[in-house]
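S.K.: Contents of upload.pdb (PDB, C-alpha atoms) are below:
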ATOM      1  CA  MET M 984       3.963  -6.773  -9.349
ATOM      2  CA  ARG M 985       3.636  -6.810  -5.579
ATOM      3  CA  GLY M 986       5.207  -4.643  -2.889
ATOM      4  CA  ASN M 987       3.282  -1.415  -3.505
ATOM      5  CA  THR M 988       1.804  -1.243   0.003
ATOM      6  CA  PHE M 989       3.538  -0.056   3.184
ATOM      7  CA  GLY M 990       2.167  -0.353   6.731
ATOM      8  CA  LYS M 991      -0.284  -2.568   8.607
ATOM      9  CA  LEU M 992      -2.905  -0.625  10.571
ATOM     10  CA  PHE M 993      -2.022   2.665   8.871
ATOM     11  CA  SER M 994      -1.080   1.878   5.284
ATOM     12  CA  ILE M 995      -0.472   3.415   1.895
ATOM     13  CA  THR M 996      -0.603   1.893  -1.574
ATOM     14  CA  THR M 997       1.107   3.937  -4.285
ATOM     15  CA  PHE M 998       0.509   3.637  -8.016
ATOM     16  CA  GLY M 999       1.520   5.165 -11.333
ATOM     17  CA  GLU M1000       4.587   5.655 -13.516
ATOM     18  CA  SER M1001       6.879   8.623 -14.096
ATOM     19  CA  HIS M1002       5.476   9.367 -17.562
ATOM     20  CA  GLY M1003       2.004   7.923 -17.184
ATOM     21  CA  VAL M1004      -1.196   9.908 -16.867
ATOM     22  CA  ALA M1005      -0.836  10.348 -13.113
ATOM     23  CA  LEU M1006       0.712   9.036  -9.927
ATOM     24  CA  GLY M1007      -1.175   8.597  -6.706
ATOM     25  CA  VAL M1008      -1.744   7.002  -3.346
ATOM     26  CA  VAL M1009      -4.544   5.279  -1.473
ATOM     27  CA  VAL M1010      -4.269   5.855   2.275
ATOM     28  CA  ASP M1011      -6.088   3.420   4.541
ATOM     29  CA  GLY M1012      -6.516   3.497   8.305
ATOM     30  CA  VAL M1013      -6.963   7.253   8.722
ATOM     31  CA  PRO M1014      -9.404   7.915  11.578
ATOM     32  CA  ALA M1015     -12.565   9.897  10.863
ATOM     33  CA  GLY M1016     -13.008  13.511  11.885
ATOM     34  CA  LEU M1017      -9.470  14.801  11.365
ATOM     35  CA  GLU M1018      -9.267  18.303   9.895
ATOM     36  CA  PHE M1019      -7.959  18.324   6.313
ATOM     37  CA  LYS M1020      -6.369  21.319   4.589
ATOM     38  CA  LEU M1021      -5.510  20.991   0.918
ATOM     39  CA  GLU M1022      -3.041  23.882   1.152
ATOM     40  CA  ASP M1023      -1.034  22.022   3.811
ATOM     41  CA  LEU M1024      -0.884  18.898   1.654
ATOM     42  CA  GLN M1025       0.143  21.013  -1.333
ATOM     43  CA  GLU M1026       2.889  22.711   0.670
ATOM     44  CA  LEU M1027       4.528  19.339   1.345
ATOM     45  CA  LEU M1028       4.287  18.302  -2.298
ATOM     46  CA  ASP M1029       5.796  21.637  -3.327
ATOM     47  CA  ARG M1030       8.868  20.952  -1.184
ATOM     48  CA  ARG M1031       9.526  17.777  -3.181
ATOM     49  CA  ARG M1032       8.412  18.830  -6.639
ATOM     50  CA  PRO M1033      10.859  19.113  -9.560
ATOM     51  CA  GLY M1034      11.675  22.516 -11.037
ATOM     52  CA  ARG M1035      11.566  24.335  -7.682
ATOM     53  CA  LEU M1036      15.347  24.659  -7.259
ATOM     54  CA  ASN M1037      17.873  25.560  -9.964
ATOM     55  CA  VAL M1038      20.308  22.917  -8.667
ATOM     56  CA  THR M1039      17.890  20.056  -9.388
ATOM     57  CA  THR M1040      16.161  18.612 -12.465
ATOM     58  CA  ALA M1041      14.754  20.973 -15.078
ATOM     59  CA  ARG M1042      11.573  18.897 -15.301
ATOM     60  CA  ASN M1043       8.958  21.366 -14.103
ATOM     61  CA  GLU M1044       5.800  19.830 -12.682
ATOM     62  CA  ALA M1045       3.151  21.700 -10.728
ATOM     63  CA  ASP M1046       2.314  18.525  -8.789
ATOM     64  CA  GLN M1047      -1.175  19.731  -7.977
ATOM     65  CA  ALA M1048      -2.942  17.332  -5.639
ATOM     66  CA  GLU M1049      -6.444  16.087  -6.494
ATOM     67  CA  VAL M1050      -8.324  14.359  -3.657
ATOM     68  CA  LEU M1051     -10.715  11.768  -5.050
ATOM     69  CA  SER M1052     -12.190  10.237  -1.909
ATOM     70  CA  GLY M1053     -12.161  10.051   1.866
ATOM     71  CA  ILE M1054     -12.705  13.764   2.594
ATOM     72  CA  PHE M1055     -16.027  15.529   3.189
ATOM     73  CA  GLU M1056     -16.661  19.037   4.480
ATOM     74  CA  GLY M1057     -12.995  19.496   5.313
ATOM     75  CA  LYS M1058     -12.640  16.378   7.463
ATOM     76  CA  THR M1059     -11.535  12.786   6.991
ATOM     77  CA  LEU M1060     -14.342  10.242   6.700
ATOM     78  CA  GLY M1061     -12.439   7.224   7.971
ATOM     79  CA  THR M1062     -12.768   5.667   4.508
ATOM     80  CA  PRO M1063      -9.837   5.131   2.102
ATOM     81  CA  ILE M1064      -8.372   8.428   0.903
ATOM     82  CA  ALA M1065      -7.235   8.587  -2.721
ATOM     83  CA  VAL M1066      -4.971  11.374  -3.987
ATOM     84  CA  ILE M1067      -3.562  11.762  -7.497
ATOM     85  CA  VAL M1068      -1.099  14.115  -9.157
ATOM     86  CA  ARG M1069      -1.228  14.385 -12.947
ATOM     87  CA  ASN M1070       1.953  14.373 -15.046
ATOM     88  CA  THR M1071       2.230  17.322 -17.433
ATOM     89  CA  ASN M1072       5.918  17.788 -18.361
ATOM     90  CA  GLN M1073       7.149  14.323 -19.298
ATOM     91  CA  ARG M1074       9.100  14.759 -22.598
ATOM     92  CA  SER M1075       9.070  10.999 -23.095
ATOM     93  CA  GLN M1076      10.935  11.290 -26.409
ATOM     94  CA  ASP M1077      14.097  12.115 -24.458
ATOM     95  CA  TYR M1078      14.355   8.548 -23.159
ATOM     96  CA  ASP M1079      16.065   5.755 -25.101
ATOM     97  CA  LYS M1080      14.433   2.371 -24.666
ATOM     98  CA  GLU M1081      17.851   0.713 -24.722
ATOM     99  CA  MET M1082      19.368   3.021 -22.085
ATOM    100  CA  ALA M1083      20.492   1.072 -19.028
ATOM    101  CA  ARG M1084      21.887   2.963 -16.036
ATOM    102  CA  PRO M1085      23.974   0.840 -13.656
ATOM    103  CA  GLY M1086      22.639   1.187 -10.132
ATOM    104  CA  HIS M1087      19.160   2.157 -11.354
ATOM    105  CA  GLY M1088      16.275  -0.250 -11.956
ATOM    106  CA  ASP M1089      16.620  -0.250 -15.752
ATOM    107  CA  ILE M1090      18.365  -3.621 -16.043
ATOM    108  CA  THR M1091      16.897  -5.452 -13.070
ATOM    109  CA  PHE M1092      13.314  -4.388 -13.831
ATOM    110  CA  THR M1093      13.645  -5.944 -17.297
ATOM    111  CA  GLN M1094      15.299  -9.055 -15.860
ATOM    112  CA  LYS M1095      12.442  -9.487 -13.388
ATOM    113  CA  PHE M1096       9.401  -8.664 -15.530
ATOM    114  CA  GLY M1097      10.630  -8.906 -19.135
ATOM    115  CA  HIS M1098       8.775  -5.712 -20.001
ATOM    116  CA  ARG M1099       9.031  -2.208 -18.570
ATOM    117  CA  ASP M1100       8.085   1.413 -19.109
ATOM    118  CA  HIS M1101      11.464   2.958 -19.944
ATOM    119  CA  ARG M1102      10.194   6.546 -19.919
ATOM    120  CA  GLY M1103      11.851   8.288 -17.010
ATOM    121  CA  GLY M1104      12.307   5.020 -15.156
ATOM    122  CA  GLY M1105       8.604   4.157 -15.137
ATOM    123  CA  ARG M1106       7.521   2.705 -11.816
ATOM    124  CA  ALA M1107      11.150   2.698 -10.582
ATOM    125  CA  SER M1108      11.392   6.484 -10.932
ATOM    126  CA  GLY M1109      12.004   8.725  -7.955
ATOM    127  CA  ARG M1110       8.826  10.506  -9.031
ATOM    128  CA  GLU M1111       6.888   7.754  -7.260
ATOM    129  CA  THR M1112       7.916   9.369  -3.972
ATOM    130  CA  LEU M1113       5.385  12.176  -4.394
ATOM    131  CA  ALA M1114       2.737   9.600  -3.472
ATOM    132  CA  ARG M1115       4.637   8.849  -0.254
ATOM    133  CA  VAL M1116       4.736  12.542   0.624
ATOM    134  CA  ALA M1117       0.972  12.743   0.146
ATOM    135  CA  GLY M1118       0.508   9.702   2.374
ATOM    136  CA  GLY M1119       2.847  11.191   4.956
ATOM    137  CA  TYR M1120       0.629  14.254   5.226
ATOM    138  CA  PHE M1121      -2.250  12.107   6.494
ATOM    139  CA  ALA M1122       0.052  10.202   8.847
ATOM    140  CA  GLY M1123       1.010  13.558  10.304
ATOM    141  CA  LEU M1124      -2.645  14.251  11.130
ATOM    142  CA  VAL M1125      -2.612  11.446  13.699
ATOM    143  CA  LEU M1126       0.751  12.540  15.156
ATOM    144  CA  LYS M1127      -0.032  16.129  16.139
ATOM    145  CA  GLU M1128       2.325  16.098  19.154
ATOM    146  CA  VAL M1129       5.299  14.603  17.287
ATOM    147  CA  GLN M1130       7.833  16.757  15.398
ATOM    148  CA  PHE M1131       9.817  15.497  12.416
ATOM    149  CA  LYS M1132      12.822  17.310  10.931
ATOM    150  CA  ALA M1133      15.226  16.071   8.272
ATOM    151  CA  PHE M1134      18.189  18.097   7.046
ATOM    152  CA  ILE M1135      21.269  17.540   4.907
ATOM    153  CA  SER M1136      24.368  16.891   7.013
ATOM    154  CA  LYS M1137      26.742  16.082   4.131
ATOM    155  CA  ILE M1138      26.938  16.647   0.378
ATOM    156  CA  ALA M1139      30.149  15.312  -1.175
ATOM    157  CA  LYS M1140      32.990  17.213   0.557
ATOM    158  CA  PHE M1141      30.679  19.587   2.470
ATOM    159  CA  GLU M1142      29.745  18.481   5.985
ATOM    160  CA  SER M1143      28.025  20.080   8.955
ATOM    161  CA  GLY M1144      28.433  19.393  12.652
ATOM    162  CA  ASP M1145      25.783  18.319  15.140
ATOM    163  CA  ILE M1146      22.935  20.826  15.385
ATOM    164  CA  ASP M1147      19.470  21.141  16.865
ATOM    165  CA  PRO M1148      17.350  21.133  13.685
ATOM    166  CA  PHE M1149      14.274  22.400  15.525
ATOM    167  CA  SER M1150      15.994  25.691  16.413
ATOM    168  CA  THR M1151      18.147  26.168  13.301
ATOM    169  CA  GLN M1152      17.100  28.736  10.683
ATOM    170  CA  PHE M1153      17.659  26.761   7.497
ATOM    171  CA  LYS M1154      18.028  28.203   4.008
ATOM    172  CA  LYS M1155      16.489  26.737   0.867
ATOM    173  CA  LEU M1156      18.749  23.658   0.624
ATOM    174  CA  HIS M1157      18.277  22.760   4.311
ATOM    175  CA  PHE M1158      21.971  22.094   4.832
ATOM    176  CA  GLY M1159      23.120  21.755   8.439
ATOM    177  CA  ASP M1160      25.516  24.701   8.112
ATOM    178  CA  PRO M1161      23.500  27.475   6.391
ATOM    179  CA  GLU M1162      26.642  29.575   5.829
ATOM    180  CA  LYS M1163      27.935  26.976   3.345
ATOM    181  CA  GLU M1164      24.844  26.984   1.147
ATOM    182  CA  GLU M1165      26.106  29.496  -1.425
ATOM    183  CA  GLU M1166      29.239  27.432  -2.002
ATOM    184  CA  ILE M1167      27.219  24.212  -2.165
ATOM    185  CA  GLU M1168      24.807  25.706  -4.689
ATOM    186  CA  LYS M1169      27.724  26.629  -6.950
ATOM    187  CA  TYR M1170      29.139  23.128  -6.550
ATOM    188  CA  LEU M1171      25.824  21.502  -7.514
ATOM    189  CA  LEU M1172      25.421  23.752 -10.548
ATOM    190  CA  ASP M1173      28.909  22.710 -11.694
ATOM    191  CA  LEU M1174      27.914  19.066 -11.301
ATOM    192  CA  LYS M1175      24.821  19.686 -13.401
ATOM    193  CA  LYS M1176      26.833  21.447 -16.089
ATOM    194  CA  ASN M1177      29.463  18.684 -16.248
ATOM    195  CA  GLY M1178      27.069  15.750 -16.143
ATOM    196  CA  GLU M1179      28.289  14.528 -12.765
ATOM    197  CA  SER M1180      26.401  13.597  -9.595
ATOM    198  CA  ALA M1181      26.983  13.417  -5.840
ATOM    199  CA  GLY M1182      25.654  11.690  -2.756
ATOM    200  CA  GLY M1183      25.688  12.513   0.937
ATOM    201  CA  LYS M1184      23.952  12.113   4.277
ATOM    202  CA  VAL M1185      20.633  13.156   5.797
ATOM    203  CA  ARG M1186      19.959  13.444   9.521
ATOM    204  CA  LEU M1187      16.446  12.851  10.816
ATOM    205  CA  HIS M1188      15.261  13.933  14.262
ATOM    206  CA  ILE M1189      11.898  12.910  15.734
ATOM    207  CA  ARG M1190      10.845  14.721  18.903
ATOM    208  CA  GLY M1191       7.836  14.036  21.138
ATOM    209  CA  LEU M1192       7.700  10.317  20.417
ATOM    210  CA  SER M1193       6.013   8.216  23.082
ATOM    211  CA  ALA M1194       7.815   5.291  24.673
ATOM    212  CA  GLY M1195       6.807   1.740  23.799
ATOM    213  CA  LEU M1196       6.546   1.870  19.992
ATOM    214  CA  GLY M1197       7.898  -1.169  18.170
ATOM    215  CA  GLU M1198       7.817  -4.908  18.757
ATOM    216  CA  PRO M1199      10.660  -6.860  20.403
ATOM    217  CA  VAL M1200      11.424  -9.325  17.599
ATOM    218  CA  PHE M1201      10.819  -8.900  13.858
ATOM    219  CA  ASP M1202       8.877  -5.633  13.889
ATOM    220  CA  LYS M1203      11.391  -3.611  15.863
ATOM    221  CA  LEU M1204      10.877   0.113  15.355
ATOM    222  CA  LYS M1205      14.440   0.448  14.072
ATOM    223  CA  ALA M1206      13.839  -2.395  11.600
ATOM    224  CA  ASP M1207      10.680  -0.844  10.181
ATOM    225  CA  LEU M1208      12.278   2.610  10.001
ATOM    226  CA  ALA M1209      15.279   1.106   8.215
ATOM    227  CA  LYS M1210      12.980  -0.610   5.714
ATOM    228  CA  ALA M1211      11.037   2.605   5.201
ATOM    229  CA  MET M1212      14.164   4.633   4.474
ATOM    230  CA  THR M1213      16.012   2.099   2.326
ATOM    231  CA  SER M1214      12.864   1.764   0.203
ATOM    232  CA  ILE M1215      13.732   5.279  -1.030
ATOM    233  CA  GLY M1216      15.572   4.710  -4.302
ATOM    234  CA  SER M1217      19.080   6.036  -3.595
ATOM    235  CA  CYS M1218      19.225   5.343   0.150
ATOM    236  CA  VAL M1219      21.955   2.750   0.746
ATOM    237  CA  GLY M1220      21.938   2.543   4.538
ATOM    238  CA  VAL M1221      20.844   3.959   7.904
ATOM    239  CA  THR M1222      22.234   4.185  11.420
ATOM    240  CA  PHE M1223      20.730   5.180  14.760
ATOM    241  CA  GLY M1224      22.178   7.332  17.516
ATOM    242  CA  ILE M1225      25.983   7.453  17.342
ATOM    243  CA  GLY M1226      25.790   4.953  14.468
ATOM    244  CA  GLU M1227      29.180   3.889  13.096
ATOM    245  CA  ASP M1228      30.900   5.138  16.239
ATOM    246  CA  PHE M1229      29.414   2.162  18.103
ATOM    247  CA  THR M1230      31.998  -0.045  16.378
ATOM    248  CA  ASP M1231      34.866   1.796  18.089
ATOM    249  CA  THR M1232      33.173   2.616  21.395
ATOM    250  CA  PRO M1233      33.629   0.306  24.413
ATOM    251  CA  GLY M1234      30.396  -0.872  26.001
ATOM    252  CA  SER M1235      31.235   0.856  29.260
ATOM    253  CA  VAL M1236      31.331   4.169  27.385
ATOM    254  CA  ALA M1237      28.423   3.558  25.001
ATOM    255  CA  THR M1238      26.057   2.666  27.833
ATOM    256  CA  LYS M1239      26.813   5.743  29.937
ATOM    257  CA  SER M1240      24.129   7.731  28.110
ATOM    258  CA  ARG M1241      20.818   6.604  26.635
ATOM    259  CA  GLU M1242      21.202   9.391  24.073
ATOM    260  CA  ASN M1243      23.835   7.288  22.303
ATOM    261  CA  PHE M1244      21.113   4.879  21.193
ATOM    262  CA  GLY M1245      19.115   7.494  19.295
ATOM    263  CA  GLY M1246      15.789   6.996  21.046
ATOM    264  CA  ILE M1247      15.484   3.231  20.519
ATOM    265  CA  GLU M1248      16.483   0.456  22.918
ATOM    266  CA  GLY M1249      15.706  -3.201  22.326
ATOM    267  CA  GLY M1250      13.972  -2.182  19.114
ATOM    268  CA  ILE M1251      11.411  -0.125  21.087
ATOM    269  CA  SER M1252      11.186   3.663  21.421
ATOM    270  CA  ASN M1253      12.317   4.914  24.844
ATOM    271  CA  GLY M1254      10.587   8.310  24.770
ATOM    272  CA  GLU M1255      13.728  10.302  24.007
ATOM    273  CA  GLU M1256      14.487  12.120  20.759
ATOM    274  CA  LEU M1257      14.931   9.652  17.928
ATOM    275  CA  VAL M1258      17.975  10.360  15.756
ATOM    276  CA  MET M1259      18.825   8.636  12.471
ATOM    277  CA  THR M1260      21.468   9.132   9.795
ATOM    278  CA  LEU M1261      20.665   8.118   6.213
ATOM    279  CA  PHE M1262      23.266   7.514   3.510
ATOM    280  CA  PHE M1263      22.486   8.358  -0.123
ATOM    281  CA  ARG M1264      24.509   7.436  -3.170
ATOM    282  CA  ALA M1265      25.050   9.675  -6.173
ATOM    283  CA  PRO M1266      22.323   9.426  -8.863
ATOM    284  CA  SER M1267      23.001   6.955 -11.674
ATOM    285  CA  THR M1268      22.323   9.328 -14.569
ATOM    286  CA  VAL M1269      25.635  10.957 -15.524
ATOM    287  CA  GLY M1270      27.433  12.125 -18.676
ATOM    288  CA  GLN M1271      25.643  13.566 -21.682
ATOM    289  CA  LYS M1272      22.178  12.480 -20.563
ATOM    290  CA  ALA M1273      22.682  14.304 -17.258
ATOM    291  CA  LYS M1274      23.921  17.437 -19.063
ATOM    292  CA  GLU M1275      20.519  17.717 -20.735
ATOM    293  CA  GLY M1276      19.238  18.863 -17.345
ATOM    294  CA  ARG M1277      16.318  16.472 -16.773
ATOM    295  CA  HIS M1278      17.955  14.688 -13.852
ATOM    296  CA  ASP M1279      19.052  15.655 -10.351
ATOM    297  CA  PRO M1280      22.829  15.951  -9.832
ATOM    298  CA  CYS M1281      22.072  15.266  -6.158
ATOM    299  CA  ILE M1282      18.720  14.135  -4.784
ATOM    300  CA  LEU M1283      19.279  15.333  -1.218
ATOM    301  CA  PRO M1284      17.587  18.764  -1.537
ATOM    302  CA  ARG M1285      14.374  17.090  -2.738
ATOM    303  CA  VAL M1286      14.481  13.913  -0.659
ATOM    304  CA  LEU M1287      13.974  15.577   2.746
ATOM    305  CA  PRO M1288      10.130  15.653   2.641
ATOM    306  CA  VAL M1289      10.217  12.020   1.475
ATOM    307  CA  VAL M1290      12.346  11.031   4.471
ATOM    308  CA  GLU M1291       9.986  12.849   6.835
ATOM    309  CA  ALA M1292       6.962  11.239   5.150
ATOM    310  CA  MET M1293       8.322   7.694   5.487
ATOM    311  CA  ALA M1294       9.094   8.385   9.152
ATOM    312  CA  LYS M1295       5.561   9.668   9.757
ATOM    313  CA  LEU M1296       4.042   6.634   8.045
ATOM    314  CA  THR M1297       6.139   4.245  10.127
ATOM    315  CA  ILE M1298       5.452   6.011  13.420
ATOM    316  CA  ALA M1299       1.702   6.406  12.734
ATOM    317  CA  ASP M1300       1.430   2.689  11.998
ATOM    318  CA  HIS M1301       3.300   1.727  15.182
ATOM    319  CA  GLN M1302       1.323   4.232  17.251
ATOM    320  CA  MET M1303      -1.926   2.641  16.106
ATOM    321  CA  ARG M1304      -0.516  -0.823  16.825
ATOM    322  CA  GLN M1305       0.472   0.292  20.310
ATOM    323  CA  ASN M1306      -2.982   1.798  20.864
ATOM    324  CA  ALA M1307      -4.447  -1.621  20.089
ATOM    325  CA  TYR M1308      -2.734  -2.992  23.210
ATOM    326  CA  GLN M1309      -4.638  -0.586  25.445
ATOM    327  CA  ILE M1310      -7.727  -2.032  27.056
TER
END
Go through the file and emit its structure as structure tokens.
M.R.:
Amino acid sequence: MRGNTFGKLFSITTFGESHGVALGVVVDGVPAGLEFKLEDLQELLDRRRPGRLNVTTARNEADQAEVLSGIFEGKTLGTPIAVIVRNTNQRSQDYDKEMARPGHGDITFTQKFGHRDHRGGGRASGRETLARVAGGYFAGLVLKEVQFKAFISKIAKFESGDIDPFSTQFKKLHFGDPEKEEEIEKYLLDLKKNGESAGGKVRLHIRGLSAGLGEPVFDKLKADLAKAMTSIGSCVGVTFGIGEDFTDTPGSVATKSRENFGGIEGGISNGEELVMTLFFRAPSTVGQKAKEGRHDPCILPRVLPVVEAMAKLTIADHQMRQNAYQI
């Protein structure tokens, strides 16, 4: 099985299965001498971990990070950094080997490899994303001047307007309109009770990005960001700037403001705030299996740190590639 590595000069390789002994990441390309704080890494993992919110899965994992290499006396060594998180609350007996969820990797994984770990989705589980969050922490160490903020702009029928996420006081779900959170929480609990699921949208803002990141042809910044985001299990698409509105906007209007392009022109960052919208489908596990409470009725509340991590990994890699041009 290939395809477990993301990035070129700054890269991560993730490993492990949902119900295996542990999941983890090897991060390569981290410069030496950067200050490392385990509590900061743990804080990011805690934002993603299951069991934190009552509207998500009942699987309760501590997700305690163990750093195996690459750190000494509180600083990065410049060598590969390995981080693992041990699984402790699997309940593997709850998973039927013959269960096949349309839209999930159950069927296609078997078609491709002929053999799979069916427990919790195995390698295809959303639990793999904890390794991405860990990798994103180290990417953030090389992007001190860049701010990343993802928030939920739509869950099912609930939608927020345009906001400045860097000045908004979010509540625990990080929905764009905090006043709607109580109603949304009730809605999600009803979904969980009835074995139903929902999708929605996430908005990502990146502020402080330097101009010139991205290559003009195949490695456009927008292309690599799109790959990064659609590699997240339930993400079905992304747009930049005014997104879908481009299809109905005359060129004379669209080109009046560079802000319409969301911080990327010609596939290269232009130094303005980068704005993306991500589209997520409803989780595949529904019905009686979902009623048992071990699955998320909506992944959006837990996917935000994953979105930010994939953005950090992409930007860190392109920043290092751009630095290589400097003589």
S.K.: Would you mind listing what lies within 7 Å of segment 1013-1021 of chain M as a PDB file with C-alpha atoms, keeping the file's coordinate frame, with all atoms listed in the file counted and same-chain residues fewer than 5 positions away left out?
M.R.:
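Saved the output as selection-v6.pdb:
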ATOM      1  CA  PHE M 993      -2.022   2.665   8.871  1.00  0.00           C
ATOM      2  CA  GLY M1057     -12.995  19.496   5.313  1.00  0.00           C
ATOM      3  CA  LYS M1058     -12.640  16.378   7.463  1.00  0.00           C
ATOM      4  CA  THR M1059     -11.535  12.786   6.991  1.00  0.00           C
ATOM      5  CA  LEU M1060     -14.342  10.242   6.700  1.00  0.00           C
ATOM      6  CA  GLY M1061     -12.439   7.224   7.971  1.00  0.00           C
ATOM      7  CA  LEU M1124      -2.645  14.251  11.130  1.00  0.00           C
TER       8      LEU M1124
END
S.K.: Could you state the separation of atom CA of Pro1033 of chain M and atom CA of Asp1145 of chain M in Å, given to one decimal place?
M.R.: 28.9 Å
S.K.: Do you know which residues are at most 12 Å from Lys1205 of chain M counting all atoms listed in the file, after dropping those on the same chain fewer than 4 positions away, and could you put them as an MDAnalysis selection string?
M.R.: chainID M and resid 1196:1201 1209:1213 1221:1224 1244:1253 1257:1260 1294 1297:1298 1301
S.K.: Run the PyMOL selection byres ((chain M and resi 1189-1193) around 6) mentally over the shown coordinates, then write out the matched residues as a PyMOL selection string, using the chain letters and numbers from the document.
M.R.: chain M and resi 1129-1131+1188+1194+1254+1256-1257
S.K.: When you draw a straight line from atom CA of Asn1043 of chain M to atom CA of Lys1154 of chain M, how long is it in Å?
M.R.: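 Computing the Euclidean distance for atom CA of Asn1043 of chain M and atom CA of Lys1154 of chain M yields 21.4 Å.
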S.K.: Nearest to Thr1062 of chain M: which of M:Ile1138, M:Val1009, M:Ile1146, M:Leu1287 is it, counting only C-alpha atoms?
M.R.: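 Checking each of M:Ile1138, M:Val1009, M:Ile1146, M:Leu1287 against Thr1062 of chain M, counting only C-alpha atoms, the winner is M:Val1009.
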S.K.: Mind pulling up the distance from atom CA of Leu1006 of chain M to atom CA of Ser1108 of chain M?
M.R.: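 If I compute the distance from atom CA of Ser1108 of chain M to atom CA of Leu1006 of chain M, I get 11.0 Å.
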S.K.: Within 12 Å of segment 1034-1040 of chain M, counting all atoms listed in the file, which residues show up once you throw out same-chain ones fewer than 2 positions away? Write them as a PyMOL selection string, please.
M.R.: chain M and resi 1028-1032+1042-1046+1072+1109-1110+1155-1156+1164-1165+1167-1176+1178+1180-1181+1266+1268+1272-1286
S.K.: With the cut-off set at 7 Å and counting all atoms listed in the file, tabulate each residue of segment 1005-1049 of chain M with an atom at most that distance from an atom of segment 1065-1070 of chain M, showing the nearest atom pair and its distance in Å to one decimal, ordered by chain and increasing number, as a tab-separated table.
M.R.:
residue	atom	partner	partner_atom	distance
M:Ala1005	CA	M:Arg1069	CA	4.1
M:Leu1006	CA	M:Val1068	CA	5.4
M:Gly1007	CA	M:Ile1067	CA	4.0
M:Val1008	CA	M:Val1066	CA	5.5
M:Val1009	CA	M:Ala1065	CA	4.4
M:Val1010	CA	M:Ala1065	CA	6.4
M:Asp1046	CA	M:Val1068	CA	5.6
M:Gln1047	CA	M:Val1068	CA	5.7
M:Ala1048	CA	M:Val1068	CA	5.1
M:Glu1049	CA	M:Ile1067	CA	5.3
S.K.: Which residue gives the smallest distance to Ile995 of chain M among M:Val1236, M:Ala1206, M:Met1082, M:Ala1299, with all atoms listed in the file counted?
M.R.: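 Distance minimum relative to Ile995 of chain M lands on M:Ala1299.
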